[in-house]
Amino acid sequence: MTILEVNNLTKIYKDKKETKALDNISFSINKNEIVGLLGPNGAGKTTTIKCICNLILPNSGKIFIKGVDAVKNSSFALTNVSSVLEGNRNIYWRMTVKENLKFFAGLQGVNKKKSVPYIEELIDFFNLKEKINTQARFLSRGMQQKLAVGCAFVRDTEILLLDEPTLGLDVETTHEMRGLIKKKAKDEDKTILLSSHNMKLIEDVCEKVIIITKGRIVVMDDITNIKNLFAIKSFVFDIAGDLAETNKKEMEKKFNVSKCIANGYSTTIQIEMKETVEIYNIMDFFKSKNFDILRFETQQPDLEEIYLKIVKKDEIH
Amino acid sequence: MKYIELFKTIFYKEYIDWVRYAFNTVMHLIAFYIIFLVFFLGLNFAMAGNPKFGSAVEGLIVGFFIWNYVSFAYMTLSWKIVDEARAGTLEQLYMNPFGFEWISIFIVLSDFILELIFVIPMLFLMMVTSGHYLNIDLITILPLIFLTIAAAYGLGFIMGGLGLIYKKIQSVGMILQFIFIGFIAAPIDKIPLLKLLPFSLGTRLISSNMRENIPIFQMDGIDLFTLLINSAFYFAAGFLIFKFCEKKAKEKGLLGHY
């Protein structure tokens with residue numbers, strides 16, 4: 001069931017010169033889906049999220065939340081949407097952890113019977129119990145970010161828009177945050193649109209990904225499909241000893257060799273293939289040359305490599 | 001019921017702000033008191049032995065009391081909007097099912113109550129310092145102050161709205177605060193048209209209660225009605241200008257900028 005639908009959204013900023021931040025973008029998100037929003041700086045990720053939150057008015061296009069026009073009926077939209085927009089800047093630094101959570105629950109009009117135990121649960125869940133009465137300004141960056149995400153959860157909306165929730169966090173805290181968001185989203189059947197530059201976060205948490213550059217959507221699909229679509233069938237071999245120059249030249253002539261590095265006792269060869277059946281020809285060639293295969297593995301590109309390929313390709317066009 | 005809960009939530013947040021930024025508030029009050037002392041001592045020096053000295057001091061106390069409240073109200077609201085935008089929390093305040101209109105009205109109401117806690121003791125301090133004690137009839141004063149301050153909130157909304165678009169407006173805001181003295185001291189008895197200025201008629205009516213013991217039900221009905229219209233106009237105009245600026249800020253994507 002579609003819970004969030006964006007149709008032909010266009011946003012043009014008119015300053016000294018016109019900038020098209022969003023160029024006719026359309027996508028939809030189903031209930032309980034976690035979708036990643038990827039793109040370089042200035043691609044239009046934050047503008048998309050802020051348009052959904054009714055914080056930026058689009059020039060044209062429609063946004064529907066549960067089938068209701070979100071721009072015309074912002075009250076309904078904001079009953080169903082909460083967000084973390086700028087991480088630790090979204091919370092009140094002079095208020096304590098508990099005061100912040102209480103305030104955002106109250107701001108959303110969440111029933112006290114529901115919010116009081118939920119606040120306790122969130123404090124436990126985000127490991128903030130020891131800092132419950134500490135003002136946010138005295139928390140570490142990681143704790144502030146966790147509190148900001150907690151403040152979005154405490155609003156108890158079905159849809160969460162998380163814009164760079166791990167920005168500026170160290171590896172350990174990013175890893176912790178990744179697990180927390182994933183678990184909480186699953187436990188509470190949340191629908192999440194997650195924008196990030198952190199590919200590992202997107203790859204680990206999201207099922208679907210939207211890649212956006214220059215205000216246009218260039219790819220939108222399941223992460224597995226994207227990986228399959230962009231999978232470069234490549235194989236890596238370690239061959240005993242050095243390769244004779246003639247053998248090397250013959251091999252490069254016959255196959256698409258992307259890497260051939262001698263490292264003393266062995267030679268590492270990487271071959272890219274259009275079709276996997278080419279492996280038989282390679283094996284036949286290796287056999288004919290009496291190559292001693294020490295190691296053999298397939299190479300699968302990760303989301304980061306795919307993303308870079310897509311963005312670079314789009315920049316060329 | 002949900003709106004009462006929302007008011008309680010906003011009031012609690014505003015209360016925490018006042019407490020956690022207590023140093024600012026205390027410094028603000030001290031500055032006001034020093035300015036009052038300067039005026040009072042100046043008046044003492046200039047009017048020593050003059051039979052109208054007592055009346056002038058009473059006028060000074062009422063004027064300062066209203067200026068103090070008006071400045072608090074105006075500055076708190078306009079700076080709050082700009083500060084929230086700068087801090088990154090304004091967008092979060094916008095994201096609620098009630099609408100920012102209700103949030104801002106509840107902020108205004110909360111601040112009106114909280115400001116009273118600071119302004120009333122200051123009034124007593126001024127009376128003790130000068131040795132001139134005025135009539136404090138809360139039933140008359142509170143509604144009149146509420147109407148007078150409503151205009152200050154209207155002007156606060158205008159500055160807050162401009163702040164959303166132009167950001168650094170504090171210096172203009174500070175200057176306006178001193179222009180308010182002119183509004184408060186406007187000679188409306190000589191030029192009745194000056195009643196249209198913000199605060200001028202409110203000050204006159206509050207003064208007539210505090211200095212001449214005239215209760216609200218004995219005041220001129222036309223004056224009270226004019227004050228009501230005047231306050232409603234400035235508040236509504238300020239709010240509409242704020243909404244216009246807010247729309248512009250949303251079009252330009254400036255709501256979260258600082």
# chains A, B, ... in the order shown; residues from 1 in each chain; ligands from 1

$ residues_around --residues "region 148-151 of chain B" --least-positions-apart "3" --cutoff "10 Å" --atoms "only C-alpha atoms" --output "PyMOL selection string"
chain B and resi 66-67+69-74+108-109+112+142-145+154-157+197-203+205-206+227-228+230-238

$ interface_residues --of "chain A" --to "chain B" --cutoff "7 Å" --atoms "only C-alpha atoms" --output "PyMOL selection string"
chain A and resi 13+53+55-57+75-76+78-79+89-91+94+103+106-109

$ residues_around --residues "Asn44 (chain B)" --least-positions-apart "5" --cutoff "9 Å" --atoms "only C-alpha atoms" --output "CSV table (one decimal) with N, CA and C atoms, in the first residue's frame"
chain,number,residue,atom,x,y,z
B,39,PHE,N,17.0,58.4,34.7
B,39,PHE,CA,15.8,59.3,34.5
B,39,PHE,C,15.3,60.0,35.8
B,49,GLY,N,11.9,70.8,44.1
B,49,GLY,CA,11.1,71.9,44.6
B,49,GLY,C,9.9,72.3,43.8
B,53,PHE,N,6.6,67.9,40.7
B,53,PHE,CA,7.6,66.8,40.7
B,53,PHE,C,6.9,65.4,40.9
B,57,VAL,N,7.1,62.1,38.5
B,57,VAL,CA,7.7,60.8,38.9
B,57,VAL,C,6.7,59.7,38.7

$ atom_distance --atom1 "CA of Trp18 (chain B)" --atom2 "CA of Ile117 (chain B)"
10.7 Å

$ atom_distance --atom1 "CA of Lys182 (chain A)" --atom2 "CA of Val205 (chain A)"
5.6 Å

$ atom_distance --atom1 "CA of Ala262 (chain A)" --atom2 "CA of Lys287 (chain A)"
19.3 Å

$ closest_residue --among "A:Asn88, A:Ser266, A:Thr298, A:Thr191" --to "Pro165 (chain A)" --atoms "only C-alpha atoms"
A:Asn88

$ residues_around --residues "Lys146 (chain A)" --least-positions-apart "6" --cutoff "12 Å" --atoms "only C-alpha atoms" --output "short mmCIF file (atom, residue, chain, number, x, y, z; two decimals) with N, CA, C and O atoms, in the first residue's frame"
data_model
loop_
_atom_site.label_atom_id
_atom_site.label_comp_id
_atom_site.auth_asym_id
_atom_site.auth_seq_id
_atom_site.Cartn_x
_atom_site.Cartn_y
_atom_site.Cartn_z
N VAL A 84 14.03 14.25 11.11
CA VAL A 84 15.29 14.76 11.67
C VAL A 84 15.95 15.46 10.49
O VAL A 84 16.27 14.82 9.49
N GLY A 87 20.15 16.87 12.25
CA GLY A 87 20.75 16.15 13.36
C GLY A 87 20.64 16.88 14.68
O GLY A 87 19.55 17.24 15.12
N ASN A 88 21.80 17.16 15.27
CA ASN A 88 21.78 17.70 16.63
C ASN A 88 21.28 19.14 16.71
O ASN A 88 21.12 19.68 17.79
N ARG A 89 21.02 19.78 15.56
CA ARG A 89 20.46 21.14 15.60
C ARG A 89 18.95 21.11 15.76
O ARG A 89 18.31 22.15 15.88
N ASN A 90 18.36 19.92 15.74
CA ASN A 90 16.90 19.82 15.82
C ASN A 90 16.37 19.73 17.24
O ASN A 90 15.17 19.64 17.45
N ILE A 91 17.26 19.72 18.21
CA ILE A 91 16.82 19.60 19.59
C ILE A 91 17.14 20.89 20.35
O ILE A 91 17.93 21.70 19.88
N VAL A 97 17.49 15.76 28.27
CA VAL A 97 17.07 14.66 27.39
C VAL A 97 15.56 14.43 27.55
O VAL A 97 14.81 14.40 26.57
N ASN A 100 13.33 17.37 26.33
CA ASN A 100 13.22 17.40 24.87
C ASN A 100 12.19 16.39 24.39
O ASN A 100 11.32 16.71 23.58
N LEU A 101 12.29 15.17 24.89
CA LEU A 101 11.36 14.11 24.44
C LEU A 101 9.92 14.47 24.80
O LEU A 101 9.01 14.31 24.00
N LEU A 122 12.14 4.93 24.99
CA LEU A 122 13.10 5.50 24.04
C LEU A 122 14.43 5.84 24.73
O LEU A 122 15.49 5.64 24.16
N ILE A 123 14.33 6.35 25.97
CA ILE A 123 15.55 6.69 26.71
C ILE A 123 16.40 5.43 26.90
O ILE A 123 17.62 5.44 26.70
N ASP A 124 15.72 4.33 27.24
CA ASP A 124 16.43 3.05 27.39
C ASP A 124 17.00 2.60 26.06
O ASP A 124 18.16 2.21 25.96
N PHE A 125 16.15 2.65 25.05
CA PHE A 125 16.52 2.12 23.74
C PHE A 125 17.74 2.84 23.16
O PHE A 125 18.64 2.22 22.60
N PHE A 126 17.77 4.16 23.31
CA PHE A 126 18.89 4.93 22.74
C PHE A 126 20.05 5.10 23.75
O PHE A 126 20.93 5.93 23.52
N ASN A 127 20.02 4.29 24.78
CA ASN A 127 21.09 4.29 25.80
C ASN A 127 21.37 5.69 26.36
O ASN A 127 22.52 6.13 26.43
N LEU A 128 20.31 6.38 26.74
CA LEU A 128 20.48 7.75 27.25
C LEU A 128 20.08 7.85 28.73
O LEU A 128 19.94 8.95 29.26
N LYS A 131 21.97 9.96 31.12
CA LYS A 131 21.98 11.40 30.82
C LYS A 131 20.57 11.98 30.83
O LYS A 131 20.35 13.07 30.29
N ALA A 136 20.96 19.00 26.78
CA ALA A 136 21.47 18.47 25.51
C ALA A 136 22.83 19.07 25.14
O ALA A 136 23.64 18.41 24.50
N LEU A 139 25.80 16.97 26.11
CA LEU A 139 25.92 15.60 25.58
C LEU A 139 26.96 15.57 24.47
O LEU A 139 27.27 16.58 23.85
N SER A 140 27.49 14.36 24.19
CA SER A 140 28.40 14.21 23.06
C SER A 140 27.59 14.35 21.78
O SER A 140 26.36 14.23 21.80
N ALA A 152 12.22 12.40 17.00
CA ALA A 152 11.39 12.13 15.82
C ALA A 152 10.49 10.91 16.09
O ALA A 152 9.31 10.92 15.74
N PHE A 153 11.05 9.91 16.75
CA PHE A 153 10.26 8.70 17.05
C PHE A 153 9.13 9.01 18.05
O PHE A 153 8.04 8.48 17.93
N LEU A 162 14.44 11.00 7.62
CA LEU A 162 15.71 11.20 8.33
C LEU A 162 16.74 11.73 7.35
O LEU A 162 17.19 11.02 6.46
N PRO A 165 21.07 11.36 9.32
CA PRO A 165 21.04 11.17 10.78
C PRO A 165 22.39 10.79 11.39
O PRO A 165 22.55 10.86 12.61
N THR A 166 23.36 10.41 10.54
CA THR A 166 24.66 10.03 11.11
C THR A 166 25.76 11.02 10.75
O THR A 166 26.94 10.73 10.94
N LEU A 167 25.36 12.18 10.24
CA LEU A 167 26.35 13.17 9.81
C LEU A 167 27.25 13.58 10.98
O LEU A 167 26.77 13.95 12.05
N LEU A 169 29.22 11.78 12.79
CA LEU A 169 29.43 10.81 13.86
C LEU A 169 30.65 9.94 13.56
O LEU A 169 30.98 9.70 12.40
N THR A 173 29.82 5.14 16.62
CA THR A 173 28.47 5.65 16.87
C THR A 173 27.58 5.49 15.64
O THR A 173 26.39 5.21 15.76
N THR A 174 28.18 5.65 14.45
CA THR A 174 27.42 5.45 13.21
C THR A 174 26.90 4.02 13.17
O THR A 174 25.74 3.76 12.84
N GLU A 176 26.38 2.04 15.70
CA GLU A 176 25.35 1.88 16.73
C GLU A 176 24.02 2.47 16.24
O GLU A 176 22.97 1.85 16.35
N MET A 177 24.11 3.67 15.66
CA MET A 177 22.90 4.35 15.17
C MET A 177 22.21 3.54 14.08
O MET A 177 20.98 3.44 14.05
N ARG A 178 23.04 2.93 13.21
CA ARG A 178 22.52 2.09 12.13
C ARG A 178 21.64 0.98 12.69
O ARG A 178 20.52 0.76 12.26
N GLY A 179 22.18 0.31 13.70
CA GLY A 179 21.45 -0.80 14.33
C GLY A 179 20.17 -0.31 15.01
O GLY A 179 19.12 -0.95 14.91
N LEU A 180 20.27 0.85 15.68
CA LEU A 180 19.12 1.37 16.43
C LEU A 180 17.97 1.74 15.48
O LEU A 180 16.83 1.38 15.72
N ILE A 181 18.32 2.43 14.39
CA ILE A 181 17.27 2.86 13.44
C ILE A 181 16.62 1.62 12.82
O ILE A 181 15.39 1.53 12.74
#

$ residues_around --residues "Ile269 (chain A)" --least-positions-apart "5" --cutoff "7 Å" --atoms "only C-alpha atoms" --output "PyMOL selection string"
chain A and resi 236-238+259-261

$ residues_around --residues "Ile216 (chain B)" --least-positions-apart "2" --cutoff "6 Å" --atoms "only C-alpha atoms" --output "PyMOL selection string"
chain B and resi 140+218-219

$ write_last_selection --atoms "C-alpha atoms" --output "compact mmCIF listing (two decimals), in the first residue's frame"
# COMPACT_ATOMS: atom_id res chain seq x y z
CA THR B 140 -8.29 47.01 35.75
CA GLN B 218 -15.62 54.03 34.94
CA MET B 219 -13.39 54.59 31.92

$ closest_residue --among "A:Ile226, A:Ile29, A:Phe285, A:Leu37" --to "Lys253 (chain A)" --atoms "only C-alpha atoms"
A:Phe285

$ closest_residue --among "A:Val6, A:Leu38, A:Ile211, A:Ala43" --to "Lys20 (chain A)" --atoms "only C-alpha atoms"
A:Ala43
